Amino acid sequence: MAQVKLNRVVKEYEGGVQAVKGIDLDIADHEFVVLVGPSGCGKSTTLRMIAGLEEISRGDILIGGTVVNDIPPRDRDIAMVFQNYALYPHMSVYDNMAFGLMLRKFPKEEIRRRVENAARILDIGMLLDRKPKALSGGQRQRVAMGRAIVRDPKVFLFDEPLSNLDAKLRVQMRTEIKKVHQTVKTTTVYVTHDQVEAMTLADRVVVMNHGVIEQVGPPTELYHKPATKFVAGFIGSPAMNFIPARLANGSGALNILLPGGISLPVPEARAKRYTGHAGKEVLFGIRPEHLTEVRPNDHRPNLAPLQLTPEVVEPMGMETLAHIWLEGAEIVARIDPSVPAEPGRALPLAADMGQMHLIDPQTDRVI
Amino acid sequence: MALDATTVTAAGPAAAPPRTGVTLHRIARRRSTIAFLMALPLIAVIAGLVAWPAGYAIYLSTLNRRMTSFIGLDNFQILLESETFRMVIWQSCIFAISAVVLKALLGFWLAHMLHHIPTKGQRIWRGLLLLPWVVPPALSTLGWWWMFDPSYSSLNWLLNAVGAPSVPWLGEPGWARASVIIVNVWAGTPFFMIMYLAALKSVPDQLYEAAAIDGATGWQGLRYVTLPMMRNIISITVLFSLIVTFANYDIVRVLTNGGPRDLTHVFASYAFQVGVLSGNIPRGAAVSLFMFPLLAVVAFFILRGVNQRNREMA
Ligand SMILES: Nc1ncnc2c1ncn2[C@@H]1O[C@H](COP(=O)(O)OP(=O)(O)OP(=O)(O)O)[C@@H](O)[C@H]1O
Ligand SMILES: [Mg+2]
């Protein structure tokens with residue numbers, strides 16, 4: 001087990017395309033770090049550079065304190081789980097898992113012990129004699145993880161391991177991966193484009209976009225204190241609402257003026273942070289879950305009432321999503337299903353201003 | 001290729017179902033019927049070009065020299081007792097096996113080299129390396145014959161140039177056998193190369209990446225991933241080539257004509273010699289029929305292995 005360190009790592013493909021543009025990352029021993037970001041942002045490339053499958057154009061990668069730039073994958077002591085599993089189709093499940101140990105000349109007894117142990121953790125003991133073809137997607141996924149576990153490597157690398165599974169199995173395997181990590185505690189770098197996976201699995205989430213790191217932090221920190229508009233919009237589902245607004249300084253208190261003549265008070269605690277932007281155009285950000293129906297006896301501080309007219313109402317069962325168009329900006333509110341909401345009828349809502357965000361439209365950074 | 005064409009044209013008759021009566025119509029509509037109709041031209045071709053000649057050869061082989069009376073298995077017995085024919089069996093086996101092994105190894109090596117050339121440059125090399133296989137063998141063998149020729153041999157000229165003595169390419173039995181094999185390997189290697197290249201391309205890159213992470217060196221990747229993944233293609237190619245090489249006729253005929261002292265004859269050239277040149281057609285037929293059981297046994301085992309792996313993997 002070991003820590004992983006990325007020092008100004010750059011990946012430049014032929015033709016000058018920079019897939020990764022100089023990223024710094026420190027991953028502690030035993031940590032579970034998730035790289036998340038939209039398609040093409042360079043997550044896989046970063047992971048593959050750690051694995052040694054992709055050359056590093058500039059910068060250094062250290063595993064356990066050693067620079068591994070020029071060390072081939074087989075000597076980096078890492079294990080990787082691929083999106084489409086990459087099981088050896090001609091080998092039985094047992095041999096698939098034993099292969100890495102066999103190449104490293106482990107004694108037969110030790111190999112058997114480790115494979116059986118991994119099979120027990122993953123509950124695939126009865127599949128050991130089968131060929132991958134005779135396995136379901138979820139079972140293949142487990143075998144691929146088993147292949148990584150038996151090696152007891154310094155680092156686990158996962159590249160979108162769940163994206164070939166159906167929704168239900170994905171949730172189940174997610175829990176499984178978390179359980180395995182809690183058991184073996186191996187340092188893990190996990191790539192996904194699914195922010196829910198990232199939030200549920202990670203000790204720390206690394207949000208990437210266009211080859212750079214937007215923000216690194218524990219899931220709750222990314223949720224509550226996003227650093228950029230990108231992170232604010234990427235983390236959370238449904239995504240945060242962004243409404244063009246103006247920060248007005250009226251009668252000693254700051255107000256947010258939304259289109260349609262709506263004015264929302266800025267909580268006092270935030271006043272100092274925002275004064276510098278008074279009078280300027282900003283982007284007002286609020287998550288759907290912080291834009292709710294008006295509840296009796298609601299003791300949340302900083303609630304601001306506002307009246308909006310939904311155009312589409314989507315009942316989801318445990319909640320209802322109301323879609324509102326406010327002069328070009330789409331706003332989603334998350335309301336209780338018991339509240340009678342109808343398209344076209346004004347709906348009294350409450351905005352939890354304690355959870356609001358302001359974004360500087362010039363820099364796209366959260367103020 | 002030709003077979004593909006026949007199956008395609010077969011769509012014609014099947015597409016126009018007969019309109020006489022409901023039952024007939026229904027029979028014609030059944031999938032199995034349509035399948036049979038579509039396969040009919042192919043069945044006809046196989047029957048006409050394979051089954052009938054084979055049956056006829058068996059019938060011929062039971063006749064006497066003048067083809068006037070039935071003599072049972074006498075032709076086979078006489079052949080087995082003949083020193084020359086026993087030698088032909090050996091020579092055929094040695095020729096076919098060593099040529100196929102060499103072609104397989106060389107083909108694999110070439111395919112591997114090609115596979116690692118970037119796609120842009122690969123095409124031209126692939127084209128060039130395919131040439132020996134594309135040239136009509138009778139013609140290219142004539143070229144080799146000239147290179148082996150005792151007085152004008154360009155090969156010997158090259159050998160002499162580096163100080164080595166001349167080689168009696170076609171004059172001495174050992175060298176003559178080697179020469180026949182060399183030419184066959186030269187002409188047949190590209191077939192293996194192209195088959196293996198296709199097979200190499202079909203192995204997903206991720207398997208190599210997984211193997212590299214699992215700790216495999218290049219050699220180990222070749223041994224534990226590439227070769228097992230290619231086993232079916234290797235088997236089929238070897239089987240196919242074994243059949244063709246076993247039945248090879250033109251190279252021996254043009255290069256050595258069986259000589260010296262009938263020592264380079266293989267089944268096909270010997271069958272021609274006995275049946276056509278010496279005018280004993282029934283015995284010639286018997287010679288060529290000897291190939292059948294040998295190849296059938298090999299084909300049985302190879303195809304059984306292929307089927308088994310297909311069930312387990314693909
Ligand atoms: N071999 C290559 N040559 C040139 N550009 C490449 C190559 N491989 C990847 N890229 C580019 O690098 C960028 C990052 O690719 P990468 O595979 O890391 O994305 P990703 O974040 O994993 O996306 P996804 O979620 O779709 O897997 C992409 O813009 C891609 O087009
Ligand atoms: Mg990817």
# chains A, B, ... in the order shown; residues from 1 in each chain; ligands from 1
>>> residues_near_ligand(ligand="ligand 1", cutoff="9 Å", atoms="only C-alpha atoms and all ligand atoms", output="VMD selection string")
chain A and resid 11 to 20 35 to 48 159 to 160 191 to 193 208 to 211
>>> residues_around(residues="Phe240 (chain B)", least_positions_apart="5", cutoff="10 Å", atoms="only C-alpha atoms", output="PyMOL selection string")
chain B and resi 100+234-235+245-246+299
>>> select_by_dssp(residues="region 28-252 of chain A", states="strand (DSSP E or B)", output="PyMOL selection string")
chain A and resi 32-36+58-63+66-67+78-81+155-159+187-192+204-209+212-217+228+241-250
>>> interface_residues(of="chain A", to="chain B", cutoff="7 Å", atoms="only C-alpha atoms", output="list in words")
Leu53, Pro73, Arg74, Asp75, Ile78, Ala79, Ala86, Tyr88, Pro89, His90, Gly100, Leu103, Arg104, Lys131 and Lys133 of chain A
>>> residues_around(residues="Gln182 (chain A)", least_positions_apart="2", cutoff="12 Å", atoms="only C-alpha atoms", output="ChimeraX atom specification")
/A:30-32,121,175-180,184-188,201-203
>>> write_last_selection(atoms="N, CA, C and O atoms", output="mmCIF file, in the first residue's frame")
data_model
loop_
_atom_site.group_PDB
_atom_site.id
_atom_site.type_symbol
_atom_site.label_atom_id
_atom_site.label_comp_id
_atom_site.auth_asym_id
_atom_site.auth_seq_id
_atom_site.Cartn_x
_atom_site.Cartn_y
_atom_site.Cartn_z
ATOM 1 N N HIS A 30 -4.302 4.328 1.764
ATOM 2 C CA HIS A 30 -5.644 3.836 2.109
ATOM 3 C C HIS A 30 -6.775 4.713 1.591
ATOM 4 O O HIS A 30 -7.933 4.417 1.830
ATOM 5 N N GLU A 31 -6.449 5.787 0.910
ATOM 6 C CA GLU A 31 -7.513 6.696 0.511
ATOM 7 C C GLU A 31 -8.259 6.181 -0.727
ATOM 8 O O GLU A 31 -7.674 5.501 -1.566
ATOM 9 N N PHE A 32 -9.540 6.511 -0.796
ATOM 10 C CA PHE A 32 -10.355 6.189 -1.970
ATOM 11 C C PHE A 32 -10.657 7.497 -2.687
ATOM 12 O O PHE A 32 -11.436 8.311 -2.208
ATOM 13 N N ILE A 121 -14.647 -13.181 -0.482
ATOM 14 C CA ILE A 121 -15.021 -11.774 -0.309
ATOM 15 C C ILE A 121 -16.066 -11.368 -1.349
ATOM 16 O O ILE A 121 -17.020 -10.664 -1.062
ATOM 17 N N THR A 175 -21.954 -0.630 -3.721
ATOM 18 C CA THR A 175 -21.847 -0.986 -2.314
ATOM 19 C C THR A 175 -20.752 -2.031 -2.118
ATOM 20 O O THR A 175 -19.966 -1.965 -1.172
ATOM 21 N N GLU A 176 -20.723 -2.975 -3.062
ATOM 22 C CA GLU A 176 -19.739 -4.047 -2.991
ATOM 23 C C GLU A 176 -18.312 -3.488 -3.014
ATOM 24 O O GLU A 176 -17.452 -3.886 -2.231
ATOM 25 N N ILE A 177 -18.089 -2.549 -3.918
ATOM 26 C CA ILE A 177 -16.752 -1.959 -4.041
ATOM 27 C C ILE A 177 -16.383 -1.229 -2.756
ATOM 28 O O ILE A 177 -15.264 -1.346 -2.250
ATOM 29 N N LYS A 178 -17.351 -0.554 -2.209
ATOM 30 C CA LYS A 178 -17.093 0.167 -0.963
ATOM 31 C C LYS A 178 -16.744 -0.825 0.151
ATOM 32 O O LYS A 178 -15.807 -0.615 0.921
ATOM 33 N N LYS A 179 -17.495 -1.912 0.182
ATOM 34 C CA LYS A 179 -17.263 -2.936 1.191
ATOM 35 C C LYS A 179 -15.856 -3.518 1.044
ATOM 36 O O LYS A 179 -15.119 -3.668 2.017
ATOM 37 N N VAL A 180 -15.508 -3.821 -0.207
ATOM 38 C CA VAL A 180 -14.178 -4.392 -0.452
ATOM 39 C C VAL A 180 -13.099 -3.423 0.006
ATOM 40 O O VAL A 180 -12.133 -3.811 0.662
ATOM 41 N N VAL A 184 -10.078 -4.358 2.493
ATOM 42 C CA VAL A 184 -8.660 -4.473 2.136
ATOM 43 C C VAL A 184 -7.910 -3.147 2.269
ATOM 44 O O VAL A 184 -6.683 -3.152 2.347
ATOM 45 N N LYS A 185 -8.635 -2.033 2.290
ATOM 46 C CA LYS A 185 -8.049 -0.720 2.564
ATOM 47 C C LYS A 185 -6.935 -0.310 1.607
ATOM 48 O O LYS A 185 -6.071 0.487 1.955
ATOM 49 N N THR A 186 -6.924 -0.871 0.403
ATOM 50 C CA THR A 186 -5.890 -0.495 -0.551
ATOM 51 C C THR A 186 -6.171 0.891 -1.130
ATOM 52 O O THR A 186 -7.321 1.214 -1.414
ATOM 53 N N THR A 187 -5.129 1.672 -1.281
ATOM 54 C CA THR A 187 -5.259 2.974 -1.929
ATOM 55 C C THR A 187 -5.955 2.792 -3.275
ATOM 56 O O THR A 187 -5.571 1.920 -4.057
ATOM 57 N N THR A 188 -6.964 3.597 -3.555
ATOM 58 C CA THR A 188 -7.761 3.374 -4.756
ATOM 59 C C THR A 188 -7.968 4.670 -5.542
ATOM 60 O O THR A 188 -8.265 5.705 -4.957
ATOM 61 N N LEU A 201 -18.857 6.861 -3.136
ATOM 62 C CA LEU A 201 -17.697 6.014 -2.903
ATOM 63 C C LEU A 201 -16.518 6.757 -2.280
ATOM 64 O O LEU A 201 -15.762 6.190 -1.497
ATOM 65 N N ALA A 202 -16.382 8.030 -2.633
ATOM 66 C CA ALA A 202 -15.088 8.665 -2.433
ATOM 67 C C ALA A 202 -14.841 9.135 -1.010
ATOM 68 O O ALA A 202 -15.750 9.553 -0.299
ATOM 69 N N ASP A 203 -13.563 9.036 -0.591
ATOM 70 C CA ASP A 203 -13.111 9.832 0.543
ATOM 71 C C ASP A 203 -12.926 11.258 0.051
ATOM 72 O O ASP A 203 -13.292 12.211 0.706
#
>>> select_by_dssp(residues="region 47-273 of chain B", states="helix (DSSP H, G or I)", output="PyMOL selection string")
chain B and resi 47-61+74-81+83-115+119-134+137-148+154-161+173-202+205-214+218-246+250-255+267-273
>>> residues_around(residues="region 59-65 of chain A", least_positions_apart="6", cutoff="6 Å", atoms="only C-alpha atoms", output="VMD selection string")
chain A and resid 2 to 9
>>> write_last_selection(atoms="N, CA, C and O atoms", output="PDB file, in the first residue's frame")
ATOM      1  N   ALA A   2       0.309   2.288  -0.570  1.00  0.00           N
ATOM      2  CA  ALA A   2       1.188   3.428  -0.761  1.00  0.00           C
ATOM      3  C   ALA A   2       0.395   4.668  -1.104  1.00  0.00           C
ATOM      4  O   ALA A   2      -0.771   4.595  -1.486  1.00  0.00           O
ATOM      5  N   GLN A   3       1.062   5.783  -0.996  1.00  0.00           N
ATOM      6  CA  GLN A   3       0.426   6.989  -1.488  1.00  0.00           C
ATOM      7  C   GLN A   3       0.812   7.208  -2.945  1.00  0.00           C
ATOM      8  O   GLN A   3       1.781   6.638  -3.449  1.00  0.00           O
ATOM      9  N   VAL A   4      -0.005   7.990  -3.621  1.00  0.00           N
ATOM     10  CA  VAL A   4       0.239   8.287  -5.035  1.00  0.00           C
ATOM     11  C   VAL A   4       0.318   9.799  -5.157  1.00  0.00           C
ATOM     12  O   VAL A   4      -0.460  10.520  -4.541  1.00  0.00           O
ATOM     13  N   LYS A   5       1.309  10.238  -5.938  1.00  0.00           N
ATOM     14  CA  LYS A   5       1.486  11.681  -6.050  1.00  0.00           C
ATOM     15  C   LYS A   5       1.660  12.052  -7.517  1.00  0.00           C
ATOM     16  O   LYS A   5       2.439  11.442  -8.239  1.00  0.00           O
ATOM     17  N   LEU A   6       0.882  13.038  -7.967  1.00  0.00           N
ATOM     18  CA  LEU A   6       1.026  13.534  -9.330  1.00  0.00           C
ATOM     19  C   LEU A   6       1.579  14.950  -9.274  1.00  0.00           C
ATOM     20  O   LEU A   6       1.036  15.799  -8.579  1.00  0.00           O
ATOM     21  N   ASN A   7       2.686  15.154  -9.984  1.00  0.00           N
ATOM     22  CA  ASN A   7       3.349  16.454  -9.983  1.00  0.00           C
ATOM     23  C   ASN A   7       3.280  17.093 -11.354  1.00  0.00           C
ATOM     24  O   ASN A   7       3.988  16.678 -12.264  1.00  0.00           O
ATOM     25  N   ARG A   8       2.444  18.092 -11.513  1.00  0.00           N
ATOM     26  CA  ARG A   8       2.351  18.819 -12.779  1.00  0.00           C
ATOM     27  C   ARG A   8       2.358  17.874 -13.978  1.00  0.00           C
ATOM     28  O   ARG A   8       3.127  18.042 -14.921  1.00  0.00           O
ATOM     29  N   VAL A   9       1.480  16.895 -13.942  1.00  0.00           N
ATOM     30  CA  VAL A   9       1.479  15.857 -14.972  1.00  0.00           C
ATOM     31  C   VAL A   9       0.747  16.341 -16.222  1.00  0.00           C
ATOM     32  O   VAL A   9      -0.363  16.861 -16.139  1.00  0.00           O
TER      33      VAL A   9
END
>>> residues_around(residues="Val216 (chain A)", least_positions_apart="4", cutoff="7 Å", atoms="only C-alpha atoms", output="PDB file with N, CA, C and O atoms, in the first residue's frame")
ATOM      1  N   ARG A 204     -12.300  11.349  -1.120  1.00  0.00           N
ATOM      2  CA  ARG A 204     -12.164  12.651  -1.751  1.00  0.00           C
ATOM      3  C   ARG A 204     -12.502  12.543  -3.221  1.00  0.00           C
ATOM      4  O   ARG A 204     -12.155  11.555  -3.873  1.00  0.00           O
ATOM      5  N   VAL A 205     -13.155  13.568  -3.731  1.00  0.00           N
ATOM      6  CA  VAL A 205     -13.538  13.585  -5.137  1.00  0.00           C
ATOM      7  C   VAL A 205     -12.646  14.592  -5.859  1.00  0.00           C
ATOM      8  O   VAL A 205     -12.371  15.676  -5.344  1.00  0.00           O
ATOM      9  N   VAL A 206     -12.180  14.192  -7.042  1.00  0.00           N
ATOM     10  CA  VAL A 206     -11.424  15.111  -7.878  1.00  0.00           C
ATOM     11  C   VAL A 206     -12.289  15.419  -9.087  1.00  0.00           C
ATOM     12  O   VAL A 206     -12.586  14.525  -9.879  1.00  0.00           O
ATOM     13  N   VAL A 207     -12.721  16.661  -9.213  1.00  0.00           N
ATOM     14  CA  VAL A 207     -13.558  17.013 -10.355  1.00  0.00           C
ATOM     15  C   VAL A 207     -12.656  17.554 -11.452  1.00  0.00           C
ATOM     16  O   VAL A 207     -11.911  18.514 -11.247  1.00  0.00           O
TER      17      VAL A 207
END
>>> atom_distance(atom1="CA of Leu139 (chain B)", atom2="CA of Ser166 (chain B)")
24.7 Å
>>> closest_residue(among="B:Thr62, B:Thr23, B:Asn257, B:Gln122", to="Trp145 (chain B)", atoms="only C-alpha atoms")
B:Asn257
>>> residues_around(residues="Pro301 (chain A)", least_positions_apart="2", cutoff="8 Å", atoms="only C-alpha atoms", output="ChimeraX atom specification")
/A:299,303,352,354
